[in-house]
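Student: Structure file start.cif, mmCIF, C-alpha atoms, is pasted below:
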```cif
data_run
loop_
_atom_site.label_atom_id
_atom_site.label_comp_id
_atom_site.auth_asym_id
_atom_site.auth_seq_id
_atom_site.Cartn_x
_atom_site.Cartn_y
_atom_site.Cartn_z
CA MET B 1 0.00 0.00 0.00
CA ILE B 2 1.23 3.49 -0.82
CA ARG B 3 1.39 5.56 2.31
CA TYR B 4 3.20 8.63 1.05
CA PRO B 5 3.21 10.22 -2.39
CA HIS B 6 6.97 10.63 -2.39
CA GLN B 7 7.29 6.84 -2.65
CA LEU B 8 5.51 6.77 -6.00
CA PRO B 9 8.39 7.71 -8.32
CA ALA B 10 10.52 4.89 -6.90
CA LEU B 11 7.63 2.47 -7.21
CA LEU B 12 6.97 3.53 -10.79
CA PHE B 13 10.64 3.03 -11.61
CA MET B 14 10.57 -0.46 -10.09
CA LEU B 15 7.49 -1.39 -12.13
CA LEU B 16 9.09 -0.13 -15.32
CA ALA B 17 12.25 -2.10 -14.53
CA LEU B 18 10.12 -5.21 -14.06
CA LEU B 19 8.47 -4.68 -17.43
CA MET B 20 11.69 -4.26 -19.39
CA PRO B 21 12.73 -7.96 -19.52
CA ALA B 22 9.36 -8.75 -21.13
CA THR B 23 10.50 -7.39 -24.47
CA PRO B 24 12.28 -10.09 -26.49
CA ALA B 25 15.19 -9.08 -28.72
CA GLN B 26 13.77 -10.78 -31.79
CA ALA B 27 13.84 -8.24 -34.58
CA THR B 28 15.44 -5.08 -35.72
CA VAL B 29 12.05 -3.46 -35.20
CA ASP B 30 12.64 -1.76 -31.87
CA PRO B 31 11.12 -4.15 -29.31
CA ALA B 32 10.06 -1.18 -27.22
CA LEU B 33 7.81 -0.06 -30.08
CA LEU B 34 6.00 -3.37 -30.43
CA TYR B 35 2.39 -3.42 -29.31
CA HIS B 36 1.54 -6.57 -27.37
CA SER B 37 -2.10 -7.54 -27.30
CA ASP B 38 -3.84 -10.39 -25.57
CA GLN B 39 -4.13 -13.74 -27.34
CA LEU B 40 -6.53 -13.14 -30.21
CA ARG B 41 -9.21 -15.41 -31.61
CA PRO B 42 -7.20 -17.49 -34.13
CA VAL B 43 -9.43 -16.74 -37.14
CA ASN B 44 -12.31 -14.29 -37.15
CA SER B 45 -13.55 -13.95 -40.72
CA SER B 46 -15.04 -16.02 -43.54
CA LEU B 47 -13.40 -16.45 -46.92
CA ASN B 48 -15.10 -14.88 -49.93
CA VAL B 49 -12.87 -16.71 -52.38
CA ALA B 50 -11.88 -20.31 -53.04
CA VAL B 51 -9.13 -22.23 -54.78
CA GLY B 52 -9.90 -22.45 -58.49
CA GLN B 53 -11.64 -19.06 -58.68
CA LEU B 54 -10.39 -15.98 -60.48
CA ALA B 55 -8.83 -13.72 -57.87
CA PRO B 56 -10.59 -10.38 -57.41
CA ASP B 57 -8.48 -7.65 -58.96
CA PHE B 58 -7.31 -4.76 -56.83
CA ALA B 59 -5.12 -1.68 -56.93
CA LEU B 60 -3.34 -0.53 -53.79
CA PRO B 61 -0.80 2.17 -53.00
CA SER B 62 2.70 0.78 -52.61
CA LEU B 63 5.50 2.10 -50.46
CA ALA B 64 7.90 2.00 -53.38
CA ASN B 65 6.17 2.58 -56.69
CA GLY B 66 2.82 4.32 -56.75
CA THR B 67 0.02 1.85 -57.24
CA VAL B 68 0.32 -1.90 -57.67
CA ARG B 69 -2.51 -3.69 -59.45
CA LEU B 70 -2.90 -7.46 -59.17
CA SER B 71 -3.78 -7.83 -62.84
CA GLN B 72 -0.47 -6.28 -63.91
CA PHE B 73 1.12 -9.66 -63.17
CA ARG B 74 -1.38 -11.62 -65.29
CA HIS B 75 0.43 -13.88 -67.81
CA LYS B 76 3.75 -12.72 -66.34
CA ARG B 77 4.30 -13.84 -62.75
CA ASN B 78 2.76 -16.00 -60.08
CA VAL B 79 1.69 -13.90 -57.10
CA VAL B 80 2.04 -14.67 -53.40
CA ILE B 81 -0.02 -12.34 -51.22
CA SER B 82 1.01 -12.18 -47.58
CA PHE B 83 -1.69 -10.51 -45.53
CA VAL B 84 -0.45 -9.68 -42.02
CA PRO B 85 -2.61 -8.05 -39.35
CA ALA B 86 -0.72 -4.98 -38.24
CA ALA B 87 2.53 -3.06 -38.18
CA PHE B 88 4.50 -2.91 -34.94
CA THR B 89 3.09 -6.14 -33.55
CA PRO B 90 5.29 -9.04 -32.45
CA VAL B 91 4.41 -11.90 -34.81
CA CYS B 92 4.07 -9.68 -37.89
CA SER B 93 7.39 -7.99 -37.13
CA GLY B 94 9.02 -11.42 -37.12
CA GLN B 95 7.46 -12.64 -40.38
CA TRP B 96 8.51 -10.40 -43.25
CA PRO B 97 12.18 -10.26 -42.10
CA GLY B 98 12.24 -13.97 -42.96
CA TYR B 99 10.85 -13.30 -46.44
CA GLN B 100 13.45 -10.56 -46.82
CA ILE B 101 16.19 -13.22 -47.05
CA ALA B 102 14.10 -15.60 -49.17
CA ARG B 103 13.81 -13.58 -52.37
CA ASP B 104 15.57 -16.29 -54.37
CA LEU B 105 13.05 -18.89 -53.20
CA PHE B 106 10.14 -16.84 -54.53
CA GLU B 107 11.88 -15.88 -57.74
CA ALA B 108 12.91 -19.49 -58.37
CA HIS B 109 9.18 -20.13 -58.82
CA ASP B 110 8.65 -17.06 -60.98
CA ALA B 111 6.63 -15.51 -58.17
CA VAL B 112 6.30 -11.98 -56.89
CA LEU B 113 5.49 -11.44 -53.24
CA LEU B 114 3.02 -8.73 -52.22
CA GLY B 115 2.85 -7.79 -48.54
CA ILE B 116 -0.46 -6.23 -47.49
CA THR B 117 -1.74 -4.80 -44.23
CA THR B 118 -4.57 -2.40 -43.38
CA ASP B 119 -2.08 0.14 -41.99
CA ASN B 120 -1.50 3.45 -43.72
CA LEU B 121 1.64 4.14 -45.76
CA PRO B 122 3.49 6.26 -43.16
CA SER B 123 3.15 3.52 -40.57
CA LEU B 124 4.24 0.89 -43.07
CA PHE B 125 7.23 3.01 -44.05
CA ALA B 126 8.41 3.43 -40.46
CA TRP B 127 7.85 -0.25 -39.67
CA THR B 128 9.46 -1.84 -42.73
CA HIS B 129 12.43 0.52 -42.67
CA GLN B 130 13.18 -0.73 -39.19
CA MET B 131 13.20 -4.25 -40.61
CA ALA B 132 15.50 -3.24 -43.46
CA PRO B 133 17.14 0.21 -43.71
CA ASP B 134 16.65 0.29 -47.48
CA GLY B 135 13.17 -1.15 -47.34
CA LEU B 136 11.98 -4.64 -48.23
CA TRP B 137 12.63 -6.15 -51.66
CA PHE B 138 8.95 -6.89 -52.25
CA PRO B 139 6.09 -4.39 -52.68
CA VAL B 140 4.44 -3.43 -49.40
CA LEU B 141 0.86 -2.35 -50.04
CA SER B 142 -1.53 -0.37 -47.87
CA ASP B 143 -5.14 -1.53 -47.66
CA PHE B 144 -5.93 1.40 -45.41
CA TRP B 145 -8.54 3.20 -47.51
CA PRO B 146 -11.26 2.31 -48.20
CA HIS B 147 -10.33 0.55 -45.03
CA GLY B 148 -9.61 -3.15 -45.54
CA ALA B 149 -11.42 -3.25 -48.88
CA VAL B 150 -9.05 -5.76 -50.46
CA ALA B 151 -8.88 -7.93 -47.35
CA GLY B 152 -12.68 -7.80 -47.32
CA ALA B 153 -12.91 -8.83 -50.98
CA PHE B 154 -10.88 -11.95 -50.20
CA GLY B 155 -12.80 -12.50 -46.95
CA VAL B 156 -9.84 -12.11 -44.61
CA LEU B 157 -10.88 -8.87 -42.87
CA ARG B 158 -11.49 -9.29 -39.16
CA PRO B 159 -14.18 -7.32 -37.31
CA GLU B 160 -11.50 -5.26 -35.55
CA GLY B 161 -10.41 -3.84 -38.91
CA VAL B 162 -7.18 -5.78 -39.41
CA SER B 163 -6.60 -8.62 -41.83
CA GLU B 164 -6.04 -12.23 -40.95
CA ARG B 165 -2.57 -13.70 -41.20
CA ALA B 166 -3.16 -15.25 -44.61
CA VAL B 167 -1.24 -16.42 -47.65
CA ILE B 168 -2.95 -16.53 -51.03
CA ILE B 169 -1.17 -17.81 -54.13
CA ILE B 170 -2.43 -16.82 -57.56
CA ASP B 171 -1.09 -18.30 -60.77
CA LYS B 172 -0.20 -16.48 -63.96
CA GLN B 173 -3.77 -16.88 -65.22
CA GLY B 174 -5.06 -15.04 -62.19
CA ILE B 175 -6.54 -18.19 -60.66
CA ILE B 176 -6.28 -18.74 -56.91
CA ARG B 177 -4.26 -21.91 -56.34
CA HIS B 178 -3.62 -21.84 -52.59
CA ILE B 179 -5.19 -20.25 -49.53
CA THR B 180 -3.94 -20.51 -45.96
CA VAL B 181 -5.55 -18.50 -43.21
CA SER B 182 -3.30 -19.12 -40.22
CA ASP B 183 -3.92 -18.68 -36.53
CA ILE B 184 -3.33 -14.94 -36.20
CA ASN B 185 -1.09 -15.58 -33.20
CA VAL B 186 1.29 -17.89 -35.09
CA ARG B 187 3.68 -17.29 -37.96
CA PRO B 188 3.03 -19.56 -40.97
CA ASP B 189 5.73 -21.95 -42.17
CA LEU B 190 7.73 -20.65 -45.11
CA GLY B 191 8.02 -24.26 -46.22
CA ASP B 192 4.27 -24.48 -46.81
CA ILE B 193 4.42 -21.44 -49.09
CA ILE B 194 7.31 -22.77 -51.14
CA ARG B 195 5.75 -26.24 -51.42
CA ALA B 196 2.55 -24.60 -52.67
CA LEU B 197 4.56 -22.74 -55.29
CA GLU B 198 6.23 -25.98 -56.32
CA ALA B 199 2.79 -27.53 -56.79
CA LEU B 200 1.56 -24.85 -59.21
CA PRO B 201 0.48 -26.34 -62.54
CA MET Z 1 -7.05 9.39 14.24
CA HIS Z 2 -3.99 9.93 12.08
CA GLN Z 3 -4.86 10.83 8.48
CA LEU Z 4 -2.60 9.63 5.67
CA PRO Z 5 -1.95 12.17 2.94
CA PRO Z 6 -4.07 11.40 -0.12
CA THR Z 7 -2.37 9.87 -3.14
CA PRO Z 8 -2.40 12.30 -6.08
CA LYS Z 9 -5.02 11.18 -8.62
CA PRO Z 10 -2.86 11.34 -11.79
CA LEU Z 11 -0.17 9.23 -10.14
CA CYS Z 12 -2.81 6.76 -9.00
CA ALA Z 13 -4.01 6.41 -12.56
CA ILE Z 14 -0.47 5.86 -13.89
CA LEU Z 15 0.24 3.35 -11.16
CA SER Z 16 -2.96 1.46 -11.86
CA ALA Z 17 -2.21 1.39 -15.57
CA LEU Z 18 1.30 0.10 -14.94
CA CYS Z 19 0.03 -2.57 -12.57
CA LEU Z 20 -2.50 -3.65 -15.20
CA LEU Z 21 0.23 -3.73 -17.84
CA LEU Z 22 2.43 -5.75 -15.53
CA LEU Z 23 -0.34 -8.27 -14.92
CA THR Z 24 -1.13 -8.62 -18.62
CA THR Z 25 2.54 -9.17 -19.50
CA LEU Z 26 3.25 -11.71 -16.80
CA PRO Z 27 3.28 -14.68 -19.23
CA ALA Z 28 6.03 -12.91 -21.18
CA LEU Z 29 8.17 -12.56 -18.08
CA ALA Z 30 9.52 -16.09 -18.32
CA GLU Z 31 13.25 -16.02 -17.79
CA PRO Z 32 15.77 -18.03 -19.79
CA VAL Z 33 17.55 -20.79 -17.90
CA ALA Z 34 20.25 -18.93 -15.99
CA ALA Z 35 23.88 -19.67 -15.21
CA GLY Z 36 24.09 -21.96 -12.22
CA GLN Z 37 20.88 -23.81 -13.06
CA PRO Z 38 20.63 -27.37 -14.37
CA PHE Z 39 19.80 -27.32 -18.07
CA PRO Z 40 16.51 -29.03 -18.98
CA GLU Z 41 16.69 -32.46 -20.54
CA ILE Z 42 15.59 -31.79 -24.08
CA SER Z 43 15.06 -33.86 -27.17
CA LEU Z 44 16.56 -32.71 -30.46
CA ALA Z 45 15.26 -33.28 -33.99
CA GLY Z 46 16.78 -32.19 -37.24
CA ASP Z 47 18.05 -33.13 -40.66
CA LEU Z 48 21.74 -33.64 -39.90
CA THR Z 49 24.46 -34.75 -42.26
CA GLN Z 50 26.51 -37.79 -41.32
CA GLU Z 51 29.43 -35.47 -40.62
CA GLN Z 52 27.32 -33.46 -38.17
CA LYS Z 53 26.09 -36.62 -36.44
CA THR Z 54 29.66 -37.85 -36.10
CA TYR Z 55 30.70 -34.46 -34.70
CA LEU Z 56 28.02 -34.68 -31.99
CA GLY Z 57 28.47 -38.42 -31.43
CA LEU Z 58 24.92 -39.21 -32.50
CA SER Z 59 23.61 -41.96 -34.75
CA GLY Z 60 20.36 -42.79 -36.50
CA ASP Z 61 17.79 -40.25 -37.59
CA GLY Z 62 16.75 -38.97 -34.18
CA PRO Z 63 15.18 -37.50 -32.24
CA TRP Z 64 18.19 -37.49 -29.93
CA GLN Z 65 18.68 -36.47 -26.34
CA LEU Z 66 20.89 -33.48 -25.65
CA LYS Z 67 22.65 -35.45 -22.91
CA ASP Z 68 23.81 -37.94 -25.56
CA VAL Z 69 25.99 -35.35 -27.28
CA THR Z 70 29.55 -36.50 -26.66
CA ALA Z 71 31.22 -33.41 -25.25
CA GLN Z 72 32.18 -32.12 -21.84
CA HIS Z 73 30.92 -28.65 -22.80
CA ILE Z 74 28.15 -27.67 -25.20
CA LEU Z 75 27.38 -24.25 -26.64
CA ILE Z 76 23.79 -23.81 -27.82
CA GLU Z 77 22.66 -20.90 -29.96
CA VAL Z 78 18.92 -20.33 -29.91
CA PHE Z 79 18.24 -18.55 -33.19
CA SER Z 80 15.45 -17.93 -35.66
CA MET Z 81 15.52 -17.77 -39.42
CA TYR Z 82 13.19 -14.78 -39.11
CA CYS Z 83 15.42 -12.85 -36.70
CA PRO Z 84 17.54 -10.19 -38.45
CA HIS Z 85 20.07 -10.26 -35.60
CA CYS Z 86 20.53 -14.00 -36.14
CA GLN Z 87 20.81 -13.49 -39.88
CA ALA Z 88 23.52 -10.88 -39.33
CA GLU Z 89 25.21 -13.06 -36.70
CA ALA Z 90 25.45 -16.14 -38.94
CA PRO Z 91 28.88 -15.38 -40.46
CA SER Z 92 30.29 -14.74 -36.98
CA ILE Z 93 28.93 -17.97 -35.56
CA ASN Z 94 30.37 -19.80 -38.59
CA THR Z 95 33.77 -18.32 -37.74
CA VAL Z 96 33.46 -19.36 -34.10
CA PHE Z 97 32.51 -22.88 -35.17
CA GLU Z 98 35.44 -23.19 -37.56
CA LYS Z 99 37.98 -21.74 -35.13
CA LEU Z 100 36.76 -23.89 -32.28
CA ALA Z 101 36.73 -27.07 -34.37
CA ALA Z 102 40.30 -26.38 -35.45
CA SER Z 103 41.48 -25.63 -31.90
CA ALA Z 104 42.67 -27.95 -29.16
CA HIS Z 105 39.20 -27.74 -27.61
CA GLY Z 106 37.32 -28.97 -30.67
CA ASN Z 107 36.42 -32.32 -29.12
CA THR Z 108 35.76 -30.95 -25.64
CA LEU Z 109 33.47 -28.04 -26.48
CA LYS Z 110 30.91 -28.60 -29.21
CA MET Z 111 28.30 -26.33 -30.72
CA LEU Z 112 24.75 -26.68 -31.97
CA GLY Z 113 21.83 -24.42 -32.84
CA ILE Z 114 18.10 -24.59 -32.11
CA GLY Z 115 15.77 -22.76 -34.49
CA ALA Z 116 13.07 -21.33 -32.24
CA GLY Z 117 9.74 -21.49 -34.02
CA ASN Z 118 11.46 -22.78 -37.16
CA SER Z 119 10.29 -25.79 -39.16
CA ARG Z 120 12.70 -28.22 -40.77
CA PHE Z 121 12.33 -26.34 -44.05
CA GLU Z 122 13.14 -23.02 -42.37
CA VAL Z 123 16.16 -24.42 -40.52
CA GLN Z 124 17.50 -25.99 -43.71
CA PHE Z 125 16.91 -22.77 -45.62
CA PHE Z 126 18.85 -20.81 -42.97
CA LYS Z 127 21.65 -23.38 -43.10
CA LYS Z 128 21.92 -23.14 -46.87
CA LYS Z 129 21.50 -19.36 -47.00
CA TYR Z 130 24.39 -18.71 -44.64
CA GLY Z 131 26.49 -21.84 -45.22
CA VAL Z 132 26.14 -22.97 -41.62
CA SER Z 133 28.18 -26.06 -40.74
CA MET Z 134 27.15 -26.12 -37.08
CA PRO Z 135 24.43 -28.76 -36.53
CA LEU Z 136 21.01 -27.08 -36.43
CA PHE Z 137 17.86 -28.49 -34.89
CA GLU Z 138 14.23 -27.50 -35.44
CA ASP Z 139 11.68 -26.30 -32.90
CA ALA Z 140 8.62 -25.58 -35.01
CA ASP Z 141 6.13 -25.52 -32.13
CA LEU Z 142 8.43 -23.60 -29.76
CA ASP Z 143 8.46 -26.53 -27.32
CA LEU Z 144 12.21 -26.23 -26.73
CA HIS Z 145 12.01 -22.43 -26.64
CA THR Z 146 9.41 -22.69 -23.90
CA ALA Z 147 11.42 -25.29 -21.98
CA LEU Z 148 14.44 -22.98 -22.08
CA GLY Z 149 12.51 -20.03 -20.65
CA GLN Z 150 11.56 -18.23 -23.88
CA PRO Z 151 14.88 -16.55 -24.58
CA GLY Z 152 15.17 -13.74 -27.11
CA THR Z 153 17.28 -14.48 -30.15
CA PRO Z 154 20.11 -14.98 -30.54
CA HIS Z 155 20.62 -16.47 -27.10
CA TYR Z 156 23.69 -18.44 -26.08
CA PHE Z 157 23.77 -21.15 -23.43
CA LEU Z 158 27.08 -22.73 -22.41
CA LEU Z 159 26.65 -26.05 -20.61
CA THR Z 160 29.12 -28.15 -18.66
CA ARG Z 161 28.61 -31.80 -17.86
CA LYS Z 162 28.66 -32.61 -14.16
CA GLY Z 163 27.94 -36.26 -13.62
CA ASP Z 164 24.64 -37.02 -15.32
CA THR Z 165 23.58 -33.37 -15.37
CA LEU Z 166 24.28 -30.60 -17.82
CA MET Z 167 24.77 -27.42 -15.82
CA THR Z 168 24.32 -23.97 -17.33
CA VAL Z 169 27.48 -21.93 -16.87
CA HIS Z 170 26.62 -19.04 -19.20
CA SER Z 171 23.30 -17.68 -20.47
CA ALA Z 172 22.94 -14.44 -22.39
CA THR Z 173 20.82 -12.87 -25.13
CA GLY Z 174 22.36 -10.68 -27.77
CA ARG Z 175 24.93 -10.54 -30.50
CA MET Z 176 28.60 -11.17 -29.98
CA GLU Z 177 31.14 -8.36 -30.08
CA SER Z 178 33.45 -10.36 -32.33
CA PRO Z 179 34.04 -14.06 -33.00
CA GLU Z 180 37.48 -13.86 -31.42
CA ALA Z 181 36.30 -12.21 -28.20
CA PHE Z 182 33.32 -14.56 -28.04
CA LEU Z 183 35.56 -17.60 -28.40
CA ASP Z 184 37.95 -16.32 -25.73
CA ASP Z 185 35.05 -15.82 -23.30
CA LEU Z 186 33.67 -19.23 -24.18
CA VAL Z 187 36.93 -21.00 -23.41
CA MET Z 188 37.29 -19.07 -20.16
CA ASP Z 189 33.69 -19.75 -19.05
CA ALA Z 190 34.16 -23.45 -19.78
CA GLY Z 191 37.25 -23.43 -17.58
CA LEU Z 192 39.49 -24.52 -20.44
CA LYS Z 193 43.07 -23.42 -21.02
CA PRO Z 194 43.28 -20.46 -23.42
#
```
Rewrite the structure from the file as structure tokens, please.

Tutor:
Amino acid sequence: MIRYPHQLPALLFMLLALLMPATPAQATVDPALLYHSDQLRPVNSSLNVAVGQLAPDFALPSLANGTVRLSQFRHKRNVVISFVPAAFTPVCSGQWPGYQIARDLFEAHDAVLLGITTDNLPSLFAWTHQMAPDGLWFPVLSDFWPHGAVAGAFGVLRPEGVSERAVIIIDKQGIIRHITVSDINVRPDLGDIIRALEALP
Amino acid sequence: MHQLPPTPKPLCAILSALCLLLLTTLPALAEPVAAGQPFPEISLAGDLTQEQKTYLGLSGDGPWQLKDVTAQHILIEVFSMYCPHCQAEAPSINTVFEKLAASAHGNTLKMLGIGAGNSRFEVQFFKKKYGVSMPLFEDADLDLHTALGQPGTPHYFLLTRKGDTLMTVHSATGRMESPEAFLDDLVMDAGLKP
């Protein structure tokens, strides 16, 4: 019990000191800037698309080059879409840094990777430039406005306004060939993505 | 009756918020196994080459028990393919592995890595990407990571065999200053002759 106000600064300092070891040193994204939430419901949306369907086209602002449109890759490249829920959160901040070193794996399957969140561009810029000072090699797209419209079109928009942690693979004909909606609290296996690319017709 | 001075309201609010934050982060306050503690008996699984199995004194396809590694001292790096610090550290740990293997302590102090949250595919990709010769084991479901107290990555544990127990003699999270300094500290902490 606090008996005298002059004890409070010391108590506050002690509490802060106790909290500091809770931040794991797992990414170049400053651990102190990561927002930790409670365990979330693993999946909280219903897919609007299915394997074998034509993927809904979209155009989203990219951190690097204006607007990226899904159909621009038609007849040219396979497309891997990595939806992640939010910038500056622990699991997401430890997912794309793995893809950052796996460019050759994607390109070996003639695939482009598109990273999408419902964050706005300034947040995505700050976040991804902490992962890699020169930015990530793959386009990072903002589905911020109309908020979550693309995630909603695929059926991976959660009620709280963030996307699921989902991977969708689209072939050169624009057909969806693979969908994984992971537990939002768990990072998906890169091996599953590459095996799905290997299985493309 | 003696009246206590009232606690200022803004400070009360801050204190309450911090207490709440502390309570909600308690699961994350697990501490890595510390120096002086017995190291948990863990089971290791991975896709090792015959050369790596011979190095560790293991046979068959596993899983193996850590205690079956034939060395008086064992250095374990807990890493993740997804961790940029571990990616940047890989060339240094390769240097440590090569220097140690070529030294007089190569058979006494052996090294291995555990990929926290990494599948076999991810561990093998990391191995190939950075040319890692050190034996690497997978921990896709974070079972080992949890057993070891949820260390950040990279985390280094140095173990010394005492009877049937592996004792932790060093436990620290973070990157090494240099391979040479790291190796010197390692040899000293293991109680080996420089």

Student: So, counting only C-alpha atoms, which residue among Z:Ala172, Z:Ile76, Z:Leu183, Z:Leu166 is closest to chain B?

Tutor: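 Closest candidate: Z:Ala172.
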
Student: From the list B:Ile101, B:Ile175, B:Ala153, B:Ala111, which residue is nearest chain Z when using only C-alpha atoms?

Tutor: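 Residue with the minimum atom-to-atom distance to chain Z: B:Ile101.
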
Student: Within 9 Å of B:Thr128, counting all atoms listed in the file, which residues qualify if same-chain residues fewer than 5 places away don't, as an mmCIF file with C-alpha atoms, in the frame of the given file?

Tutor:
```
data_model
loop_
_atom_site.group_PDB
_atom_site.id
_atom_site.type_symbol
_atom_site.label_atom_id
_atom_site.label_comp_id
_atom_site.auth_asym_id
_atom_site.auth_seq_id
_atom_site.Cartn_x
_atom_site.Cartn_y
_atom_site.Cartn_z
ATOM 1 C CA VAL B 29 12.050 -3.460 -35.200
ATOM 2 C CA ALA B 87 2.530 -3.060 -38.180
ATOM 3 C CA SER B 93 7.390 -7.990 -37.130
ATOM 4 C CA TRP B 96 8.510 -10.400 -43.250
ATOM 5 C CA PRO B 97 12.180 -10.260 -42.100
ATOM 6 C CA SER B 123 3.150 3.520 -40.570
ATOM 7 C CA PRO B 133 17.140 0.210 -43.710
ATOM 8 C CA ASP B 134 16.650 0.290 -47.480
ATOM 9 C CA GLY B 135 13.170 -1.150 -47.340
ATOM 10 C CA LEU B 136 11.980 -4.640 -48.230
ATOM 11 C CA VAL B 140 4.440 -3.430 -49.400
#
```

Student: Output the residue selection produced by the PyMOL selection byres ((chain Z and resi 132) around 10) on the file above, formatted as an MDAnalysis selection string.

Tutor: chainID Z and resid 90:91 93:95 97 113 124 126:131 133:136

Student: Can you tell me which residues surround Z:Thr168 at a distance of at most 9 Å, considering only C-alpha atoms, apart from same-chain residues fewer than 4 positions away, and format the answer as a list in words?

Tutor: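 Surrounding residues, per the criterion: Val33, Ala34, Ala35, Gly36, Gln37, Pro38, Phe39, Phe157, Leu158, Leu159, Thr160 and Arg161 of chain Z.
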
Student: Compare B:Ala64, B:Leu70, B:Ala102, B:Leu47 by their minimum atom-to-atom distance to B:Phe154, counting only C-alpha atoms, and give me the closest one.

Tutor: B:Leu47

Student: Pick out the closest residue to chain B from this set: Z:Gly57, Z:Gly106, Z:Gly152, Z:Gly46. Count only C-alpha atoms.

Tutor: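 Under the stated criterion, the closest residue is Z:Gly152.
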
Student: Out of B:Gly94, B:Pro31, B:Pro56, B:Pro122, which residue has the shortest atom-to-atom distance to chain Z when counting only C-alpha atoms?

Tutor: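 Using only C-alpha atoms, chain Z sits closest to B:Gly94.
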
Student: Which residues match the PyMOL selection byres ((chain B and resi 84) around 7) in the file above, as an MDAnalysis selection string?

Tutor: chainID B and resid 82:83 85:86 92 116:117 163:166
